[in-house]
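The file work-v2.cif comes next; it holds mmCIF, C-alpha atoms and all ligand atoms.
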data_upload
loop_
_atom_site.label_atom_id
_atom_site.label_comp_id
_atom_site.auth_asym_id
_atom_site.auth_seq_id
_atom_site.Cartn_x
_atom_site.Cartn_y
_atom_site.Cartn_z
CA MET A 275 -44.86 -38.24 -7.81
CA GLY A 276 -46.07 -41.15 -5.82
CA GLY A 277 -49.05 -42.96 -7.29
CA PHE A 278 -49.30 -45.21 -10.28
CA LEU A 279 -52.04 -46.03 -12.79
CA GLU A 280 -53.58 -49.52 -12.94
CA LYS A 281 -52.14 -49.89 -16.41
CA PRO A 282 -49.67 -47.65 -18.21
CA GLU A 283 -50.74 -44.83 -20.52
CA THR A 284 -48.77 -45.96 -23.58
CA GLU A 285 -49.86 -43.36 -26.10
CA LYS A 286 -46.78 -41.63 -27.50
CA LYS A 287 -46.68 -37.97 -28.39
CA VAL A 288 -44.31 -37.36 -31.27
CA GLU A 289 -42.93 -34.04 -32.49
CA GLN A 290 -40.51 -33.45 -35.36
CA GLY A 291 -38.74 -30.56 -37.01
CA SER A 292 -35.64 -29.48 -38.89
CA GLY A 293 -33.42 -26.49 -39.59
CA ASN A 294 -29.79 -25.37 -39.62
CA GLY A 295 -28.75 -28.78 -40.96
CA LEU A 296 -30.30 -30.56 -37.97
CA ARG A 297 -33.34 -32.77 -37.63
CA TYR A 298 -35.03 -33.62 -34.39
CA CYS A 299 -37.69 -36.05 -33.28
CA LEU A 300 -39.16 -36.28 -29.82
CA SER A 301 -41.32 -38.97 -28.29
CA SER A 302 -42.90 -38.86 -24.87
CA MET A 303 -45.08 -41.27 -22.93
CA GLN A 304 -46.85 -40.86 -19.62
CA GLY A 305 -46.32 -44.51 -18.69
CA TRP A 306 -47.38 -45.69 -15.23
CA ARG A 307 -47.46 -42.27 -13.57
CA LEU A 308 -50.74 -40.55 -12.68
CA GLU A 309 -49.66 -37.45 -14.55
CA MET A 310 -47.28 -36.37 -17.29
CA GLU A 311 -44.81 -33.90 -15.81
CA ASP A 312 -42.08 -33.99 -18.46
CA ALA A 313 -41.78 -30.99 -20.75
CA HIS A 314 -39.48 -30.02 -23.61
CA SER A 315 -38.34 -27.30 -25.97
CA ALA A 316 -36.97 -27.62 -29.47
CA VAL A 317 -35.91 -24.66 -31.58
CA CYS A 318 -33.80 -25.36 -34.67
CA SER A 319 -33.08 -21.69 -35.29
CA LEU A 320 -32.97 -19.05 -32.54
CA MET A 321 -33.75 -15.38 -33.07
CA GLU A 322 -31.22 -12.89 -34.48
CA PRO A 323 -28.30 -12.64 -33.91
CA PHE A 324 -28.31 -16.38 -33.14
CA LYS A 325 -30.16 -17.55 -36.23
CA ASP A 326 -27.59 -20.27 -36.92
CA TRP A 327 -27.88 -21.63 -33.35
CA ALA A 328 -30.28 -24.37 -32.28
CA TYR A 329 -31.58 -25.08 -28.81
CA PHE A 330 -33.13 -28.21 -27.31
CA GLY A 331 -34.15 -29.04 -23.78
CA VAL A 332 -35.82 -31.75 -21.70
CA PHE A 333 -37.38 -30.89 -18.35
CA ASP A 334 -38.46 -33.57 -15.90
CA GLY A 335 -40.82 -31.91 -13.46
CA HIS A 336 -42.08 -33.29 -10.18
CA ALA A 337 -44.97 -32.36 -7.88
CA LYS A 338 -46.85 -30.50 -10.60
CA PHE A 339 -44.10 -27.98 -11.28
CA SER A 340 -44.45 -26.58 -14.77
CA MET A 341 -41.59 -25.32 -16.93
CA LEU A 342 -43.22 -23.01 -19.39
CA ARG A 343 -40.28 -21.00 -20.60
CA PHE A 344 -36.53 -21.11 -20.69
CA PRO A 345 -34.00 -18.42 -21.53
CA GLU A 346 -31.16 -18.65 -24.00
CA GLY A 347 -28.31 -17.93 -21.57
CA ILE A 348 -26.66 -20.99 -20.07
CA LYS A 349 -25.28 -20.96 -16.52
CA GLU A 350 -26.41 -17.43 -15.72
CA GLY A 351 -29.65 -18.28 -17.43
CA PHE A 352 -30.26 -21.25 -15.13
CA LEU A 353 -29.55 -19.22 -11.99
CA GLN A 354 -31.61 -16.24 -13.17
CA LEU A 355 -34.50 -18.47 -14.16
CA ASP A 356 -34.43 -20.12 -10.74
CA GLU A 357 -34.64 -16.68 -9.11
CA ASP A 358 -37.53 -15.77 -11.41
CA LEU A 359 -39.31 -19.01 -10.58
CA ARG A 360 -38.91 -18.28 -6.88
CA LYS A 361 -40.96 -15.09 -7.28
CA VAL A 362 -44.00 -17.12 -8.27
CA ASN A 363 -43.32 -20.54 -6.76
CA ASN A 364 -41.49 -19.84 -3.49
CA ASP A 365 -44.19 -21.41 -1.34
CA LYS A 366 -45.08 -24.20 -3.70
CA PRO A 367 -43.45 -27.62 -3.61
CA GLY A 368 -42.00 -29.20 -6.74
CA GLY A 369 -39.26 -28.49 -9.21
CA SER A 370 -37.81 -29.64 -12.48
CA THR A 371 -34.59 -30.97 -13.91
CA ALA A 372 -33.33 -29.14 -17.00
CA THR A 373 -31.02 -30.67 -19.62
CA CYS A 374 -30.26 -28.66 -22.72
CA ALA A 375 -28.15 -28.68 -25.85
CA PHE A 376 -27.16 -25.47 -27.61
CA ILE A 377 -25.75 -26.10 -31.07
CA SER A 378 -23.82 -23.43 -32.96
CA PRO A 379 -22.26 -23.99 -36.40
CA ASP A 380 -18.99 -25.13 -34.79
CA LYS A 381 -19.73 -26.04 -31.17
CA ILE A 382 -22.08 -28.07 -29.00
CA TYR A 383 -22.84 -26.89 -25.46
CA LEU A 384 -24.55 -29.30 -23.09
CA ALA A 385 -26.01 -27.96 -19.87
CA ASN A 386 -27.35 -30.29 -17.23
CA CYS A 387 -29.07 -29.64 -13.94
CA GLY A 388 -30.56 -32.77 -12.39
CA ASP A 389 -30.85 -36.41 -13.37
CA SER A 390 -31.98 -36.17 -16.96
CA ARG A 391 -29.05 -36.75 -19.35
CA ALA A 392 -27.67 -35.63 -22.70
CA VAL A 393 -25.44 -37.91 -24.76
CA ILE A 394 -23.44 -37.17 -27.91
CA SER A 395 -22.69 -40.04 -30.27
CA ARG A 396 -19.56 -39.55 -32.35
CA GLY A 397 -18.10 -42.04 -34.83
CA GLY A 398 -20.32 -44.86 -33.59
CA ALA A 399 -19.62 -44.48 -29.88
CA THR A 400 -20.79 -42.42 -26.95
CA TYR A 401 -18.49 -39.40 -26.93
CA ILE A 402 -19.87 -37.29 -24.11
CA SER A 403 -22.52 -38.02 -21.57
CA THR A 404 -23.59 -35.50 -18.92
CA ILE A 405 -23.34 -36.55 -15.28
CA ASP A 406 -26.57 -37.22 -13.40
CA HIS A 407 -27.01 -35.20 -10.23
CA LYS A 408 -28.15 -37.87 -7.80
CA PRO A 409 -28.09 -37.06 -4.05
CA PHE A 410 -25.89 -40.07 -3.26
CA SER A 411 -22.97 -39.10 -5.51
CA ASN A 412 -19.98 -37.67 -3.58
CA ILE A 413 -20.06 -34.04 -4.73
CA GLU A 414 -23.79 -33.81 -4.24
CA ARG A 415 -23.84 -35.52 -0.83
CA ASP A 416 -21.05 -33.23 0.30
CA ARG A 417 -22.97 -30.07 -0.61
CA ILE A 418 -26.22 -31.41 0.85
CA GLN A 419 -24.53 -32.19 4.18
CA LYS A 420 -22.71 -28.84 4.31
CA ALA A 421 -26.08 -27.17 3.82
CA GLY A 422 -27.42 -29.06 6.83
CA GLY A 423 -29.29 -31.76 4.95
CA SER A 424 -28.84 -35.51 4.79
CA VAL A 425 -29.12 -38.27 2.22
CA MET A 426 -31.50 -41.06 3.15
CA ILE A 427 -32.91 -43.79 0.92
CA LYS A 428 -30.87 -42.13 -1.86
CA ARG A 429 -32.93 -38.94 -1.46
CA VAL A 430 -32.30 -35.42 -0.16
CA ASN A 431 -33.68 -35.51 3.41
CA GLY A 432 -35.33 -38.80 2.46
CA THR A 433 -37.73 -37.12 0.05
CA LEU A 434 -36.27 -35.63 -3.15
CA ALA A 435 -34.60 -38.06 -5.59
CA VAL A 436 -32.62 -35.39 -7.44
CA SER A 437 -30.01 -33.02 -5.99
CA ARG A 438 -30.02 -30.23 -8.57
CA ALA A 439 -33.16 -28.72 -9.95
CA LEU A 440 -34.94 -25.53 -10.79
CA GLY A 441 -37.60 -24.86 -8.17
CA ASP A 442 -37.79 -27.05 -5.05
CA PHE A 443 -37.43 -23.92 -2.92
CA ASP A 444 -38.06 -25.82 0.31
CA PHE A 445 -34.51 -27.10 -0.15
CA LYS A 446 -33.10 -23.63 -0.87
CA ARG A 447 -33.86 -21.64 2.27
CA ASP A 448 -30.45 -21.25 3.97
CA GLN A 449 -29.95 -17.45 3.84
CA SER A 450 -26.31 -17.80 4.88
CA ARG A 451 -25.41 -19.82 1.83
CA SER A 452 -25.21 -18.80 -1.82
CA GLN A 453 -27.69 -19.89 -4.47
CA VAL A 454 -25.44 -22.72 -5.67
CA ASP A 455 -24.54 -24.02 -2.18
CA GLN A 456 -28.04 -24.95 -1.08
CA MET A 457 -29.13 -28.56 -0.50
CA VAL A 458 -30.65 -28.49 -3.96
CA SER A 459 -28.70 -26.35 -6.41
CA PRO A 460 -29.91 -24.80 -9.68
CA GLU A 461 -26.32 -24.78 -11.02
CA PRO A 462 -25.88 -26.68 -14.29
CA ASP A 463 -22.75 -28.50 -15.40
CA VAL A 464 -21.87 -27.01 -18.76
CA THR A 465 -19.82 -29.04 -21.26
CA VAL A 466 -18.54 -27.62 -24.54
CA CYS A 467 -17.07 -29.48 -27.49
CA ASP A 468 -16.08 -28.63 -31.04
CA ARG A 469 -18.31 -30.10 -33.69
CA LEU A 470 -16.75 -32.74 -35.94
CA GLU A 471 -18.05 -34.29 -39.15
CA SER A 472 -18.21 -37.62 -37.36
CA ASP A 473 -20.74 -36.28 -34.82
CA GLU A 474 -23.82 -38.44 -35.36
CA PHE A 475 -26.58 -37.44 -32.99
CA ILE A 476 -27.46 -36.07 -29.59
CA ILE A 477 -29.92 -37.75 -27.27
CA ILE A 478 -31.56 -35.86 -24.41
CA ALA A 479 -33.80 -37.96 -22.19
CA CYS A 480 -35.19 -38.05 -18.68
CA ASP A 481 -34.48 -40.64 -15.99
CA GLY A 482 -37.51 -42.70 -17.08
CA ILE A 483 -35.21 -43.81 -19.91
CA TRP A 484 -31.84 -43.89 -18.10
CA ASP A 485 -33.22 -45.87 -15.15
CA VAL A 486 -33.48 -48.91 -17.41
CA MET A 487 -31.09 -48.28 -20.34
CA SER A 488 -27.48 -47.10 -20.30
CA SER A 489 -26.14 -44.26 -22.47
CA SER A 490 -24.34 -46.70 -24.75
CA GLU A 491 -27.38 -48.97 -25.03
CA VAL A 492 -29.59 -46.12 -26.21
CA SER A 493 -26.93 -44.75 -28.60
CA GLU A 494 -26.07 -48.14 -30.03
CA PHE A 495 -29.72 -48.95 -30.50
CA ILE A 496 -30.47 -45.65 -32.25
CA GLY A 497 -27.27 -45.89 -34.34
CA SER A 498 -28.16 -49.41 -35.48
CA ARG A 499 -31.76 -48.44 -36.37
CA LEU A 500 -30.66 -45.43 -38.43
CA LEU A 501 -28.88 -47.93 -40.72
CA VAL A 502 -32.12 -49.78 -41.45
CA THR A 503 -34.94 -47.23 -41.46
CA LYS A 504 -35.72 -43.61 -42.24
CA ASP A 505 -38.70 -43.77 -39.93
CA ILE A 506 -37.25 -41.66 -37.10
CA PRO A 507 -40.47 -41.53 -35.04
CA MET A 508 -40.52 -45.33 -35.07
CA ILE A 509 -36.96 -45.38 -33.74
CA VAL A 510 -37.65 -43.05 -30.81
CA ASN A 511 -40.98 -44.74 -30.10
CA SER A 512 -39.19 -48.10 -29.95
CA VAL A 513 -36.97 -46.77 -27.18
CA MET A 514 -40.13 -45.93 -25.18
CA ASP A 515 -41.44 -49.47 -25.69
CA ILE A 516 -38.14 -51.06 -24.76
CA CYS A 517 -37.99 -49.01 -21.53
CA LEU A 518 -41.58 -49.84 -20.63
CA HIS A 519 -40.84 -53.53 -21.12
CA ARG A 520 -37.73 -53.25 -19.04
CA GLY A 521 -39.88 -52.02 -16.19
CA SER A 522 -39.60 -48.21 -16.25
CA ARG A 523 -42.43 -46.83 -14.09
CA ASP A 524 -41.71 -43.17 -14.78
CA ASN A 525 -42.78 -40.60 -17.36
CA MET A 526 -40.51 -40.96 -20.38
CA THR A 527 -39.24 -38.36 -22.82
CA LEU A 528 -36.55 -38.82 -25.44
CA LEU A 529 -35.38 -36.11 -27.82
CA LEU A 530 -33.16 -37.24 -30.69
CA ILE A 531 -31.21 -34.60 -32.62
CA LEU A 532 -29.66 -35.84 -35.85
CA LEU A 533 -26.46 -34.06 -36.88
CA PRO A 534 -25.18 -34.05 -40.48
CA GLY A 535 -22.93 -37.07 -39.72
CA ALA A 536 -25.82 -39.29 -38.58
CA PRO A 537 -25.77 -42.89 -39.91
CA THR A 538 -27.73 -43.40 -43.12
CA LEU A 539 -29.36 -46.43 -44.72
CA ASP A 540 -27.05 -49.36 -45.38
CA GLU A 541 -28.11 -52.11 -47.82
CA ASP A 542 -26.38 -54.93 -45.92
CA ALA A 543 -27.82 -53.82 -42.60
CA ILE A 544 -31.31 -53.61 -44.13
CA LYS A 545 -30.99 -57.15 -45.53
CA ALA A 546 -29.76 -58.49 -42.21
CA ASP A 547 -32.61 -56.78 -40.38
CA ARG A 548 -35.22 -58.25 -42.75
CA ASN A 549 -33.77 -61.70 -42.21
CA LEU A 550 -33.85 -61.14 -38.47
CA ASP A 551 -37.54 -60.18 -38.68
CA LYS A 552 -38.26 -63.38 -40.60
CA THR A 553 -36.37 -65.46 -38.05
CA ILE A 554 -38.26 -63.88 -35.16
CA ALA A 555 -41.62 -64.38 -36.87
CA GLN A 556 -40.72 -68.01 -37.49
CA ILE A 557 -39.62 -68.62 -33.90
CA THR A 558 -42.76 -66.90 -32.60
CA ARG A 559 -44.97 -69.24 -34.65
CA GLU A 560 -43.01 -72.26 -33.43
CA VAL A 561 -43.22 -71.18 -29.78
CA ILE A 562 -46.98 -70.58 -30.01
CA GLU A 563 -47.50 -73.99 -31.61
CA LYS A 564 -45.15 -76.03 -29.45
CA HIS A 565 -46.31 -74.58 -26.12
CA GLU A 566 -49.95 -74.12 -27.20
CA ILE A 567 -49.86 -70.50 -26.11
CA ASN A 568 -52.88 -68.23 -26.42
CA ASP A 569 -51.80 -65.52 -23.99
CA PHE A 570 -49.57 -62.70 -25.18
CA GLU A 571 -47.88 -62.14 -21.86
CA VAL A 572 -46.84 -65.80 -21.64
CA LEU A 573 -45.62 -65.63 -25.22
CA MET A 574 -43.43 -62.59 -24.50
CA ARG A 575 -41.97 -64.32 -21.45
CA LEU A 576 -40.99 -67.36 -23.52
CA MET A 577 -39.66 -65.21 -26.37
CA LYS A 578 -37.47 -63.37 -23.90
CA ARG A 579 -35.93 -66.71 -22.94
CA MET A 580 -35.59 -67.72 -26.60
CA ALA A 581 -33.79 -64.43 -27.32
CA ILE A 582 -30.50 -65.85 -26.06
CA ASN A 583 -30.46 -68.07 -29.15
CA ILE A 584 -31.33 -65.35 -31.64
CA PRO A 585 -28.19 -63.74 -33.07
CA ASN A 586 -27.92 -60.12 -34.19
CA LEU A 587 -30.78 -58.64 -32.20
CA PRO A 588 -30.57 -54.82 -32.27
CA PRO A 589 -27.81 -53.77 -29.87
CA GLY A 590 -29.11 -52.17 -26.71
CA GLY A 591 -32.69 -53.16 -27.51
CA GLY A 592 -32.67 -56.96 -27.61
CA ILE A 593 -35.88 -58.86 -28.22
CA TYR A 594 -38.06 -55.93 -27.04
CA ALA A 595 -36.87 -53.96 -30.05
CA LYS A 596 -38.73 -56.55 -32.14
CA TYR A 597 -41.83 -56.55 -29.96
CA TYR A 598 -43.98 -55.50 -32.91
CA ILE A 599 -43.02 -58.58 -34.97
CA ILE A 600 -44.07 -60.89 -32.14
CA GLU A 601 -47.28 -58.89 -31.72
CA GLN A 602 -47.97 -59.14 -35.46
CA VAL A 603 -47.61 -62.93 -35.51
CA PHE A 604 -49.76 -63.24 -32.38
CA HIS A 605 -52.49 -61.18 -34.06
CA GLU A 606 -52.31 -63.29 -37.23
CA ILE A 607 -52.99 -66.41 -35.20
CA PHE A 608 -55.38 -64.89 -32.63
CA PRO A 609 -57.07 -61.93 -34.35
CA ASP A 610 -59.40 -61.28 -31.40
CA ALA A 611 -57.08 -61.77 -28.43
CA PRO A 612 -55.64 -58.65 -26.82
CA ALA A 613 -51.87 -58.31 -27.14
CA GLU A 614 -51.45 -56.44 -23.90
CA ILE A 615 -49.02 -56.79 -21.05
CA TYR A 616 -49.73 -55.59 -17.54
CA ASP A 617 -47.06 -57.30 -15.53
CA PHE A 618 -44.05 -55.82 -17.33
CA CYS A 619 -41.59 -56.53 -14.57
CA ASN A 620 -42.14 -60.26 -14.83
CA VAL A 621 -42.13 -60.55 -18.58
MN MN A 701 -38.47 -38.76 -14.10
#
Would you kindly transcribe this structure into structure tokens?
Ligand code: MN
Amino acid sequence: MGGFLEKPETEKKVEQGSGNGLRYCLSSMQGWRLEMEDAHSAVCSLMEPFKDWAYFGVFDGHAKFSMLRFPEGIKEGFLQLDEDLRKVNNDKPGGSTATCAFISPDKIYLANCGDSRAVISRGGATYISTIDHKPFSNIERDRIQKAGGSVMIKRVNGTLAVSRALGDFDFKRDQSRSQVDQMVSPEPDVTVCDRLESDEFIIIACDGIWDVMSSSEVSEFIGSRLLVTKDIPMIVNSVMDICLHRGSRDNMTLLLILLPGAPTLDEDAIKADRNLDKTIAQITREVIEKHEINDFEVLMRLMKRMAINIPNLPPGGGIYAKYYIIEQVFHEIFPDAPAEIYDFCNV
């Protein structure tokens, strides 16, 4: 928490796997933060007798709190794990959000504790999205105040930006109150739904993503890209880039789980996307020429303004989703100039 790097660490770590009719791809990026504190788990097939169950989780840690393991139980599991963590971390600051999806052959269970979020896309629209546990929401503020705390600058006691988490034992010391009635609670919201054939994908991501993109923006963007490419890592990596360009200063992690009903390649969509790429390349060349630009940051700023006139940009992503086309054209014209941006917020 706290400090920032002079320029963002933009290297993306990608992990992929498949099993039980599911495919997953995860991308994570440290971004502007001094350290990477996000963690994740992805298991497409659990141990017997749950071999046909899959489990995925994203954990957004703060103050160097590490989440090395996570049990299979859901609500009880969260509470038990928090008790276990207390045995080793009681005196240490820090904690972690935990957002998980458990997928059985006929059901999806989402469990959320904190301000990371899981979203299910069904039939082309966001079907379920977990609720972020921010200190300033009514239920959370109510519990915090009853436990003797307050909400200032949107934070628990003016310090912690999330109101449910594993760890953070400094906020869990009222002996007269139960485990789930402390200022910061380890209790997850658990949502269950039946699986349908029209279920497309599940996204689990930390607040570094949701701070700058809405649930429907991320789902629409991913849905639209699945129609035009099989390159899943490129899709999840694009979300990182879009968020960085939109000014996210946090660590970012996005886990995409493709269900059997995920969108597949569509010839018309592919054609339209190729034409869009050509149009953007053309406009980029024109902008460089007309405004005699030799600086990439200035170019991106102008292209962002031009974007209003470009139809059919990827939904949810806009011009930043086509960042790489602009970068390519810039490199063709200026092979030696760096295509880097430092001042993301003003681009
Ligand atoms: Mn975060």
Requested in this report: Using atom CA of A:Ile402 and atom CA of A:Val332 as the two end points, give the distance in Å to one decimal.
Outcome: 17.1 Å
**Report entry** Environment of ligand MN 701 (chain A) within 10 Å, counting only C-alpha atoms and all ligand atoms, reported as a PyMOL selection string
**Finding:** chain A and resi 275+307+310-312+333-336+370-371+389-390+435-436+479-485+522-527
File of the preceding selection, C-alpha atoms, as a PDB file, in the frame of the given file:
ATOM      1  CA  MET A 275     -44.860 -38.240  -7.810  1.00  0.00           C
ATOM      2  CA  ARG A 307     -47.460 -42.270 -13.570  1.00  0.00           C
ATOM      3  CA  MET A 310     -47.280 -36.370 -17.290  1.00  0.00           C
ATOM      4  CA  GLU A 311     -44.810 -33.900 -15.810  1.00  0.00           C
ATOM      5  CA  ASP A 312     -42.080 -33.990 -18.460  1.00  0.00           C
ATOM      6  CA  PHE A 333     -37.380 -30.890 -18.350  1.00  0.00           C
ATOM      7  CA  ASP A 334     -38.460 -33.570 -15.900  1.00  0.00           C
ATOM      8  CA  GLY A 335     -40.820 -31.910 -13.460  1.00  0.00           C
ATOM      9  CA  HIS A 336     -42.080 -33.290 -10.180  1.00  0.00           C
ATOM     10  CA  SER A 370     -37.810 -29.640 -12.480  1.00  0.00           C
ATOM     11  CA  THR A 371     -34.590 -30.970 -13.910  1.00  0.00           C
ATOM     12  CA  ASP A 389     -30.850 -36.410 -13.370  1.00  0.00           C
ATOM     13  CA  SER A 390     -31.980 -36.170 -16.960  1.00  0.00           C
ATOM     14  CA  ALA A 435     -34.600 -38.060  -5.590  1.00  0.00           C
ATOM     15  CA  VAL A 436     -32.620 -35.390  -7.440  1.00  0.00           C
ATOM     16  CA  ALA A 479     -33.800 -37.960 -22.190  1.00  0.00           C
ATOM     17  CA  CYS A 480     -35.190 -38.050 -18.680  1.00  0.00           C
ATOM     18  CA  ASP A 481     -34.480 -40.640 -15.990  1.00  0.00           C
ATOM     19  CA  GLY A 482     -37.510 -42.700 -17.080  1.00  0.00           C
ATOM     20  CA  ILE A 483     -35.210 -43.810 -19.910  1.00  0.00           C
ATOM     21  CA  TRP A 484     -31.840 -43.890 -18.100  1.00  0.00           C
ATOM     22  CA  ASP A 485     -33.220 -45.870 -15.150  1.00  0.00           C
ATOM     23  CA  SER A 522     -39.600 -48.210 -16.250  1.00  0.00           C
ATOM     24  CA  ARG A 523     -42.430 -46.830 -14.090  1.00  0.00           C
ATOM     25  CA  ASP A 524     -41.710 -43.170 -14.780  1.00  0.00           C
ATOM     26  CA  ASN A 525     -42.780 -40.600 -17.360  1.00  0.00           C
ATOM     27  CA  MET A 526     -40.510 -40.960 -20.380  1.00  0.00           C
ATOM     28  CA  THR A 527     -39.240 -38.360 -22.820  1.00  0.00           C
TER      29      THR A 527
END
Requested in this report: Report the distance between atom CA of A:Ala328 and atom CA of A:Lys349 in Å, rounded to one decimal place.
Outcome: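 Interatomic distance, atom CA of A:Ala328 to atom CA of A:Lys349: 16.9 Å.
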Query - Contact residues around stretch 300-305 of chain A with only C-alpha atoms at 10 Å, ignoring same-chain residues under 2 positions, as a PyMOL selection string - result: chain A and resi 278-279+281-291+298+307-316+332+477-480+482+506-515+517-518+522-531
Requested in this report: Mind listing whatever residues come within 9 Å of the point (-44.5, -63.3, -38.3)? Use only C-alpha atoms, file coordinates, and give them as a PyMOL selection string.
Outcome: chain A and resi 551-559+599-604+606
Query raised in the report: What's the 7 Å shell around stretch 487-500 of chain A, counting only C-alpha atoms, without same-chain residues fewer than 3 positions away, as a list in words?
Result: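 Counting only C-alpha atoms, the residues come to Val393, Ser395, Thr400, Ile483, Trp484, Thr503, Lys504, Ile509, Pro537, Thr538, Leu539, Pro588, Pro589, Gly590 and Gly591 of chain A.
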**Report entry** Selection as a ChimeraX atom specification: residues within 10 Å of (-43.9, -23.7, 3.7), counting only C-alpha atoms
**Finding:** /A:364-367,443-444
Requested in this report: Enter the distance from atom CA of A:Ala581 to atom CA of A:Pro609, in Å, rounded to one decimal.
Outcome: 24.4 Å
Query raised in the report: Taking into account only C-alpha atoms, which residue in the set A:Trp327, A:Phe352, A:Ile394, A:Pro462 is nearest to A:Asp406?
Result: A:Pro462
If you take every atom of stretch 373-391 of chain A that the file lists and fit an axis-aligned box around them with 4 Å extra on each side, what centre and edge lengths come out in Å to one decimal, as AutoDock Vina command-line options?
--center_x -25.5 --center_y -30.1 --center_z -24.4 --size_x 21.0 --size_y 21.3 --size_z 32.0
